[in-house]
Amino acid sequence: MSSKKKQKFKYDIVADEILASIAAGKWKPGDKMPSESELIVMYKVSRVTLRESLKKLSMMGVLSIVQGDGTYVNEIRPSEFMKPLFPLMAYKQSNIEEIYDARTYIESGACELAAQRRTQEDVEYLQRLLEHMNDSVTMNRQDMYSKYDHKFHRALCEIAGNEMLLTIFDLFEQVISGYIEQINISPGIVMNSMIDHQILFQAVEEKRHEYARLIMFEHLRKSKVRLIEILNKRETL
């Protein structure tokens, strides 16, 4: 096997340099980039190479190229770079289990932060979601329960006040939301889940942050056990 590293094209190197400059604050979201002529001098490249670099950054969502006007810097969100990776990971059972493990630790931490930082308005919002979940149980509507289950978990990440946690939560949900709906298919499982959420709510309301983290961890651990059962059944079909 060759030990040589794959050589980068010139336009890749220039794209990396432009991205680094944006990350360093040289150009901010909404700023218009210098003209092609200025960038050619700045990066000492040909017009063809520069255009390939800008095209790459445009495809990544970093830049917007407006014909007849110029090139503008977009708001850079971590999710835009990570998003394409997660659907690819869903093809292997081991990957799904690892994603669920990561979710368990991340959401447990988010729940702890939420319990520390929640406001009375946050508590009232969680209470309303809990009421919708309870109504779903009464009506035997597992699909509705899954919807408000998702909203409850996402609300905790929002209350935690950490944008990165929320971004990661949304990315995880893209992969595992379908599995969560399958986990919630049994009325008995939904009832147990409802009890967990009531305890979670109480812990957050009372600002018992360490207890909230432990309850969330155990809740997601039980969900993972049911997820593995579902995945194993699929493999035997």
# chains A, B, ... in the order shown; residues from 1 in each chain; ligands from 1
>>> select_by_dssp(residues="stretch 41-187 of chain A", states="helix (DSSP H, G or I)", output="PyMOL selection string")
chain A and resi 41-43+47-59+78-82+85-89+93-117+120-138+142-160+163-183+187
>>> residues_around(residues="A:Arg213", least_positions_apart="5", cutoff="9 Å", atoms="only C-alpha atoms", output="list of chain:residue names")
A:Glu107, A:Ser108, A:Gly109, A:Ala110, A:Cys111, A:Glu112, A:Leu113, A:Ala115, A:Leu200, A:Arg208, A:Glu218
>>> closest_residue(among="A:Ser53, A:Thr104, A:Asn140, A:Gln202", to="A:Phe217", atoms="only C-alpha atoms")
A:Thr104
>>> residues_around(residues="A:Ile106", least_positions_apart="6", cutoff="12 Å", atoms="only C-alpha atoms", output="ChimeraX atom specification")
/A:99-100,112-113,153-154,156-157,160,162,164-170,172,213,216-217,220
>>> write_last_selection(atoms="C-alpha atoms", output="short mmCIF file (atom, residue, chain, number, x, y, z; two decimals), in the first residue's frame")
data_model
loop_
_atom_site.label_atom_id
_atom_site.label_comp_id
_atom_site.auth_asym_id
_atom_site.auth_seq_id
_atom_site.Cartn_x
_atom_site.Cartn_y
_atom_site.Cartn_z
CA ILE A 99 -25.72 7.33 17.40
CA TYR A 100 -28.22 6.39 20.09
CA GLU A 112 -29.12 18.80 33.36
CA LEU A 113 -28.47 22.25 31.88
CA HIS A 153 -36.98 16.44 24.11
CA ARG A 154 -36.18 19.27 21.70
CA LEU A 156 -35.15 20.60 26.81
CA CYS A 157 -32.25 21.20 24.39
CA ALA A 160 -30.37 24.29 27.90
CA ASN A 162 -26.61 25.75 23.90
CA MET A 164 -24.51 23.20 19.47
CA LEU A 165 -26.56 20.79 21.59
CA LEU A 166 -29.67 21.75 19.64
CA THR A 167 -27.87 21.31 16.32
CA ILE A 168 -26.66 17.84 17.27
CA PHE A 169 -30.11 16.88 18.56
CA ASP A 170 -31.69 17.84 15.22
CA PHE A 172 -29.65 12.76 15.46
CA ARG A 213 -29.65 14.01 34.10
CA MET A 216 -32.97 11.18 31.16
CA PHE A 217 -30.04 8.78 30.94
CA LEU A 220 -32.89 6.74 26.89
#
>>> residues_around(residues="A:Ser37", least_positions_apart="2", cutoff="10 Å", atoms="only C-alpha atoms", output="PyMOL selection string")
chain A and resi 34-35+39-42+46-47+50
>>> closest_residue(among="A:Asn134, A:Gln116, A:Asn74, A:Gln127", to="A:Tyr211", atoms="only C-alpha atoms")
A:Gln116
>>> residues_around(residues="stretch 14-27 of chain A", least_positions_apart="3", cutoff="10 Å", atoms="only C-alpha atoms", output="number ranges by chain")
A: 9-11, 30-34, 39, 43-45, 49-57, 62-63, 72-74, 76
>>> residues_around(residues="A:Tyr125", least_positions_apart="6", cutoff="10 Å", atoms="only C-alpha atoms", output="PDB file with C-alpha atoms, in the first residue's frame")
ATOM      1  CA  THR A 119     -37.504  29.874  33.501  1.00  0.00           C
ATOM      2  CA  GLU A 131     -50.578  17.562  28.673  1.00  0.00           C
ATOM      3  CA  PHE A 152     -40.532  17.688  24.670  1.00  0.00           C
ATOM      4  CA  ALA A 155     -37.585  21.816  24.150  1.00  0.00           C
TER       5      ALA A 155
END
>>> atom_distance(atom1="atom CA of A:His150", atom2="atom CA of A:Leu129")
9.8 Å
>>> closest_residue(among="A:Glu97, A:Gln67, A:Leu214, A:Ala203", to="A:Asn232", atoms="only C-alpha atoms")
A:Glu97
>>> residues_around(residues="A:Val123", least_positions_apart="3", cutoff="9 Å", atoms="only C-alpha atoms", output="short mmCIF file (atom, residue, chain, number, x, y, z; two decimals) with C-alpha atoms, in the first residue's frame")
data_model
loop_
_atom_site.label_atom_id
_atom_site.label_comp_id
_atom_site.auth_asym_id
_atom_site.auth_seq_id
_atom_site.Cartn_x
_atom_site.Cartn_y
_atom_site.Cartn_z
CA ARG A 118 -35.17 26.92 33.01
CA THR A 119 -37.50 29.87 33.50
CA GLN A 120 -41.12 29.79 34.64
CA LEU A 126 -43.08 21.82 29.06
CA GLN A 127 -46.30 21.43 31.06
CA ARG A 128 -48.37 22.05 27.92
CA PHE A 201 -40.68 17.37 34.11
CA VAL A 204 -36.63 20.19 35.74
CA GLU A 205 -39.39 22.18 37.44
#
>>> closest_residue(among="A:Leu227, A:Ile176, A:Leu171, A:Ile185", to="A:Asp143", atoms="only C-alpha atoms")
A:Ile185
>>> closest_residue(among="A:Met191, A:Met139, A:Leu130, A:Ile183", to="A:Lys151", atoms="only C-alpha atoms")
A:Leu130
>>> closest_residue(among="A:Ser146, A:Val66, A:Ala114, A:Glu229", to="A:Glu210", atoms="only C-alpha atoms")
A:Ala114
>>> atom_distance(atom1="atom CA of A:Glu124", atom2="atom CA of A:Glu173")
24.2 Å
>>> select_by_dssp(residues="stretch 6-225 of chain A", states="strand (DSSP E)", output="number ranges by chain")
A: 63-66, 70-73
